[in-house]
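Just below is one structure, and these are the notes that go with it.
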Amino acid sequence: MKRSPLAMVLLALLVEAPMHPYRMQQVIKQRGQDQLVNVAQRNSVYQTLDRLVREGLARPGGTSREAGRPERTVYEVTEEGAATLRRWLLEMLPEPAREFPEFPVALAFLPILSPAETRELLERRLETLTDRVAAIDAQAPPGLPRLFLIEDEYRAAVLRAEIGWLRGIVADLDDGSLSWDRALIDETLARFG
C-alpha cells in the first residue's frame, strides 16, 4: 500500500487500541493531529480505513454500542499493519520527502505583482503564521511529556523559521534592496531566458 499521512495516523491509533472510525476522528481532533492530516470530512477516515482493511493492515475486530448510538464496527491493527507502520517510520524519518507546497510556487512568480503588493501580502502571511505559532504554543497541556508534543514542536520551529525569513524579505522590500520593475524583468528574461 502506498503510504499516506492519514493511513499512518490511523494505523498508529489502532496500535494503541482497537477503535471505531468515529472515535479515531475524535482522537485525531482531540490531539490536534488534524493539523497534520485532513479529517474535516469523516469520509476520508472511512475510505482510508477501507484501504487498510483491503491491504490486510487492519481488520474488523467486533462491534461496540454506546447508549443511544448505532452499533459501530471496531477495527484493530494486524501484525502486517504494525510492521508496515514501523517500516513507514523507518523510511520517513531519515529521508525528506519531495513535497510540492504552494508557497514556493507563488514566490517563483512574484514579478507578476508589484513590490508593494508583495509586501502587503507577505505581511498578512506573517500575521497568520504568528497566530499559528501562538495557537500551537497555547494548546500544549501542562505536564505533557515532550515526546507527545514533538510534532507540534517541529511545526512551530518550521513556522518560526519562515517568520524569520519573511521578516527579512519584508525588510528588504521596505528598504528597496529587493525590488523590480518591467525593465528589470525584461532585461533578466533576455539575459537568462
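Residue names in the C-alpha cells use chain letters A, B, ... in the order shown, residue numbers from 1 in each chain, and ligand numbers from 1 in the order shown.
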Taking the DSSP secondary structure from the backbone, can you list the residues of region 37-105 of chain A that are strand (DSSP E or B), as a PDB file with C-alpha atoms, in the first residue's frame?
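out35.pdb written:
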```
ATOM      1  CA  ALA A  58      -6.264  -3.593   9.677  1.00  0.00           C
ATOM      2  CA  ARG A  59      -9.319  -5.778  10.236  1.00  0.00           C
ATOM      3  CA  PRO A  60     -12.742  -5.566  11.831  1.00  0.00           C
ATOM      4  CA  GLY A  61     -12.455  -6.742  15.399  1.00  0.00           C
ATOM      5  CA  GLY A  62     -16.049  -6.707  16.557  1.00  0.00           C
ATOM      6  CA  THR A  63     -18.724  -4.152  17.285  1.00  0.00           C
ATOM      7  CA  SER A  64     -19.495  -1.724  20.066  1.00  0.00           C
ATOM      8  CA  ARG A  72     -20.241   0.517  15.315  1.00  0.00           C
ATOM      9  CA  THR A  73     -17.548  -1.704  13.870  1.00  0.00           C
ATOM     10  CA  VAL A  74     -14.348  -1.623  15.901  1.00  0.00           C
ATOM     11  CA  TYR A  75     -11.118  -2.123  13.955  1.00  0.00           C
ATOM     12  CA  GLU A  76      -7.771  -3.470  15.068  1.00  0.00           C
ATOM     13  CA  VAL A  77      -4.312  -3.466  13.552  1.00  0.00           C
TER      14      VAL A  77
END
```
Just want the 12 Å neighbourhood of Gln47 (chain A), counted on only C-alpha atoms, with same-chain residues fewer than 4 positions away dropped. Output as a list in words. Leu6, Ala7, Leu10, Pro21, Val39, Gln41, Arg42, Asn43, Arg51, Leu52, Val53 and Arg54 of chain A
Selection from above, N, CA and C atoms, as an mmCIF file, in the first residue's frame, can you write it?
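For reference, part10.cif as written:
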```cif
data_model
loop_
_atom_site.group_PDB
_atom_site.id
_atom_site.type_symbol
_atom_site.label_atom_id
_atom_site.label_comp_id
_atom_site.auth_asym_id
_atom_site.auth_seq_id
_atom_site.Cartn_x
_atom_site.Cartn_y
_atom_site.Cartn_z
ATOM 1 N N LEU A 6 -2.504 10.091 6.543
ATOM 2 C CA LEU A 6 -3.704 9.650 7.251
ATOM 3 C C LEU A 6 -3.652 8.152 7.542
ATOM 4 N N ALA A 7 -3.192 7.350 6.591
ATOM 5 C CA ALA A 7 -3.066 5.902 6.834
ATOM 6 C C ALA A 7 -2.127 5.647 8.002
ATOM 7 N N LEU A 10 -3.928 6.522 11.301
ATOM 8 C CA LEU A 10 -4.932 5.514 11.650
ATOM 9 C C LEU A 10 -4.278 4.233 12.153
ATOM 10 N N PRO A 21 -14.178 4.027 13.572
ATOM 11 C CA PRO A 21 -13.726 5.196 12.807
ATOM 12 C C PRO A 21 -14.115 6.539 13.421
ATOM 13 N N VAL A 39 -8.894 15.572 8.295
ATOM 14 C CA VAL A 39 -10.027 14.722 8.666
ATOM 15 C C VAL A 39 -11.308 15.554 8.777
ATOM 16 N N GLN A 41 -13.558 15.891 6.656
ATOM 17 C CA GLN A 41 -14.634 15.025 6.185
ATOM 18 C C GLN A 41 -14.434 13.643 6.785
ATOM 19 N N ARG A 42 -15.392 13.176 7.548
ATOM 20 C CA ARG A 42 -15.280 11.864 8.179
ATOM 21 C C ARG A 42 -15.082 10.776 7.127
ATOM 22 N N ASN A 43 -15.598 11.009 5.930
ATOM 23 C CA ASN A 43 -15.486 10.037 4.851
ATOM 24 C C ASN A 43 -14.028 9.688 4.547
ATOM 25 N N ARG A 51 -9.133 1.048 2.765
ATOM 26 C CA ARG A 51 -7.892 0.669 2.072
ATOM 27 C C ARG A 51 -7.000 -0.167 2.981
ATOM 28 N N LEU A 52 -6.887 0.227 4.242
ATOM 29 C CA LEU A 52 -6.065 -0.529 5.190
ATOM 30 C C LEU A 52 -6.594 -1.954 5.351
ATOM 31 N N VAL A 53 -7.911 -2.096 5.397
ATOM 32 C CA VAL A 53 -8.516 -3.428 5.524
ATOM 33 C C VAL A 53 -8.261 -4.238 4.252
ATOM 34 N N ARG A 54 -8.477 -3.636 3.085
ATOM 35 C CA ARG A 54 -8.237 -4.346 1.813
ATOM 36 C C ARG A 54 -6.800 -4.830 1.695
#
```
Could you work out how far CA of Val37 (chain A) lies from CA of Gly164 (chain A), giving the answer in Å with one decimal?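 Straight-line distance from CA of Gly164 (chain A) to CA of Val37 (chain A) works out to 25.5 Å.
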Excluding same-chain residues fewer than 6 positions from region 108-113 of chain A, what lies within 12 Å of it counting only C-alpha atoms, as a ChimeraX atom specification? /A:102,119-122,178-186,188-189
Please provide as a PDB file with N, CA and C atoms, in the first residue's frame all residues within 9 Å of region 133-140 of chain A, with the sequence filter that same-chain residues fewer than 4 positions apart are discarded (counting only C-alpha atoms).
```
ATOM      1  N   GLY A  32      -5.023  17.313  18.339  1.00  0.00           N
ATOM      2  CA  GLY A  32      -4.525  18.351  17.440  1.00  0.00           C
ATOM      3  C   GLY A  32      -3.860  17.790  16.202  1.00  0.00           C
ATOM      4  N   THR A 128      -0.579  35.676   9.928  1.00  0.00           N
ATOM      5  CA  THR A 128      -1.204  34.350  10.007  1.00  0.00           C
ATOM      6  C   THR A 128      -0.265  33.340  10.646  1.00  0.00           C
ATOM      7  N   LEU A 129       0.995  33.342  10.217  1.00  0.00           N
ATOM      8  CA  LEU A 129       1.963  32.389  10.764  1.00  0.00           C
ATOM      9  C   LEU A 129       2.222  32.655  12.244  1.00  0.00           C
ATOM     10  N   LEU A 144       2.447  17.544  29.876  1.00  0.00           N
ATOM     11  CA  LEU A 144       2.524  16.506  28.851  1.00  0.00           C
ATOM     12  C   LEU A 144       3.982  16.346  28.428  1.00  0.00           C
ATOM     13  N   LEU A 149       4.587  15.919  22.234  1.00  0.00           N
ATOM     14  CA  LEU A 149       4.409  17.242  21.628  1.00  0.00           C
ATOM     15  C   LEU A 149       5.414  17.482  20.506  1.00  0.00           C
ATOM     16  N   ASP A 152       4.322  19.026  17.239  1.00  0.00           N
ATOM     17  CA  ASP A 152       3.967  20.437  17.385  1.00  0.00           C
ATOM     18  C   ASP A 152       5.219  21.299  17.525  1.00  0.00           C
ATOM     19  N   GLU A 153       6.202  20.786  18.242  1.00  0.00           N
ATOM     20  CA  GLU A 153       7.476  21.495  18.377  1.00  0.00           C
ATOM     21  C   GLU A 153       8.110  21.698  16.999  1.00  0.00           C
ATOM     22  N   ARG A 155       6.507  21.656  14.005  1.00  0.00           N
ATOM     23  CA  ARG A 155       5.695  22.584  13.221  1.00  0.00           C
ATOM     24  C   ARG A 155       5.962  24.025  13.631  1.00  0.00           C
ATOM     25  N   ALA A 156       6.066  24.272  14.934  1.00  0.00           N
ATOM     26  CA  ALA A 156       6.335  25.629  15.418  1.00  0.00           C
ATOM     27  C   ALA A 156       7.717  26.096  14.980  1.00  0.00           C
ATOM     28  N   ALA A 157       8.705  25.203  15.015  1.00  0.00           N
ATOM     29  CA  ALA A 157      10.062  25.572  14.593  1.00  0.00           C
ATOM     30  C   ALA A 157      10.093  25.930  13.108  1.00  0.00           C
ATOM     31  N   LEU A 159       7.546  27.021  11.327  1.00  0.00           N
ATOM     32  CA  LEU A 159       6.832  28.294  11.186  1.00  0.00           C
ATOM     33  C   LEU A 159       7.696  29.464  11.642  1.00  0.00           C
ATOM     34  N   ARG A 160       8.416  29.289  12.750  1.00  0.00           N
ATOM     35  CA  ARG A 160       9.299  30.369  13.230  1.00  0.00           C
ATOM     36  C   ARG A 160      10.410  30.661  12.225  1.00  0.00           C
TER      37      ARG A 160
END
```
Name the residues in contact with Ala12 (chain A) at a cut-off of 12 Å, using only C-alpha atoms, excluding same-chain residues fewer than 6 positions from it; report them as a ChimeraX atom specification. /A:5-6,18-19,24,27-28,33,57-58,76-78,81-86,88-89
Let's have the selection written as an mmCIF file, in the first residue's frame, with N, CA and C atoms.
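What ended up in selection-v7.cif:
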```
data_model
loop_
_atom_site.group_PDB
_atom_site.id
_atom_site.type_symbol
_atom_site.label_atom_id
_atom_site.label_comp_id
_atom_site.auth_asym_id
_atom_site.auth_seq_id
_atom_site.Cartn_x
_atom_site.Cartn_y
_atom_site.Cartn_z
ATOM 1 N N PRO A 5 -0.069 10.101 5.026
ATOM 2 C CA PRO A 5 -0.099 10.560 6.415
ATOM 3 C C PRO A 5 -1.330 10.065 7.179
ATOM 4 N N LEU A 6 -2.504 10.091 6.543
ATOM 5 C CA LEU A 6 -3.704 9.650 7.251
ATOM 6 C C LEU A 6 -3.652 8.152 7.542
ATOM 7 N N PRO A 18 -7.847 -0.977 19.737
ATOM 8 C CA PRO A 18 -8.904 -1.102 18.730
ATOM 9 C C PRO A 18 -9.923 0.020 18.920
ATOM 10 N N MET A 19 -10.456 0.527 17.824
ATOM 11 C CA MET A 19 -11.479 1.580 17.922
ATOM 12 C C MET A 19 -12.268 1.686 16.632
ATOM 13 N N MET A 24 -11.746 7.323 16.075
ATOM 14 C CA MET A 24 -10.447 7.712 15.508
ATOM 15 C C MET A 24 -10.450 9.193 15.156
ATOM 16 N N VAL A 27 -10.276 11.298 18.335
ATOM 17 C CA VAL A 27 -8.945 11.295 18.955
ATOM 18 C C VAL A 27 -7.990 12.173 18.152
ATOM 19 N N ILE A 28 -8.055 12.069 16.827
ATOM 20 C CA ILE A 28 -7.197 12.897 15.973
ATOM 21 C C ILE A 28 -7.431 14.374 16.282
ATOM 22 N N GLN A 33 -4.027 16.503 15.961
ATOM 23 C CA GLN A 33 -3.400 15.900 14.788
ATOM 24 C C GLN A 33 -4.162 16.223 13.508
ATOM 25 N N LEU A 57 -3.855 -4.585 6.472
ATOM 26 C CA LEU A 57 -3.125 -3.870 7.521
ATOM 27 C C LEU A 57 -3.998 -3.624 8.756
ATOM 28 N N ALA A 58 -5.306 -3.715 8.571
ATOM 29 C CA ALA A 58 -6.264 -3.593 9.677
ATOM 30 C C ALA A 58 -7.396 -4.571 9.386
ATOM 31 N N GLU A 76 -9.039 -3.229 14.381
ATOM 32 C CA GLU A 76 -7.771 -3.470 15.068
ATOM 33 C C GLU A 76 -6.677 -3.610 14.026
ATOM 34 N N VAL A 77 -5.455 -3.362 14.449
ATOM 35 C CA VAL A 77 -4.312 -3.466 13.552
ATOM 36 C C VAL A 77 -3.923 -4.938 13.421
ATOM 37 N N THR A 78 -3.439 -5.315 12.238
ATOM 38 C CA THR A 78 -2.905 -6.665 12.041
ATOM 39 C C THR A 78 -1.398 -6.629 12.286
ATOM 40 N N GLY A 81 0.044 -4.787 9.569
ATOM 41 C CA GLY A 81 -0.194 -3.352 9.724
ATOM 42 C C GLY A 81 0.806 -2.712 10.665
ATOM 43 N N ALA A 82 1.091 -3.374 11.790
ATOM 44 C CA ALA A 82 2.079 -2.845 12.740
ATOM 45 C C ALA A 82 3.464 -2.817 12.104
ATOM 46 N N ALA A 83 3.790 -3.857 11.334
ATOM 47 C CA ALA A 83 5.095 -3.902 10.656
ATOM 48 C C ALA A 83 5.183 -2.819 9.583
ATOM 49 N N THR A 84 4.090 -2.589 8.881
ATOM 50 C CA THR A 84 4.063 -1.546 7.843
ATOM 51 C C THR A 84 4.236 -0.169 8.467
ATOM 52 N N LEU A 85 3.556 0.075 9.576
ATOM 53 C CA LEU A 85 3.703 1.354 10.280
ATOM 54 C C LEU A 85 5.158 1.579 10.665
ATOM 55 N N ARG A 86 5.779 0.565 11.211
ATOM 56 C CA ARG A 86 7.194 0.669 11.594
ATOM 57 C C ARG A 86 8.072 0.931 10.366
ATOM 58 N N TRP A 88 7.206 2.364 7.539
ATOM 59 C CA TRP A 88 6.976 3.734 7.088
ATOM 60 C C TRP A 88 7.763 4.724 7.938
ATOM 61 N N LEU A 89 7.765 4.526 9.241
ATOM 62 C CA LEU A 89 8.539 5.408 10.127
ATOM 63 C C LEU A 89 10.022 5.358 9.782
#
```
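The space between CA of Pro115 (chain A) and CA of Gly176 (chain A) spans 9.0 Å.
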Quick check, in Å to one decimal: how far apart do CA of Lys2 (chain A) and CA of Leu90 (chain A) lie?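 Answer for the CA of Lys2 (chain A) to CA of Leu90 (chain A) separation: 14.7 Å.
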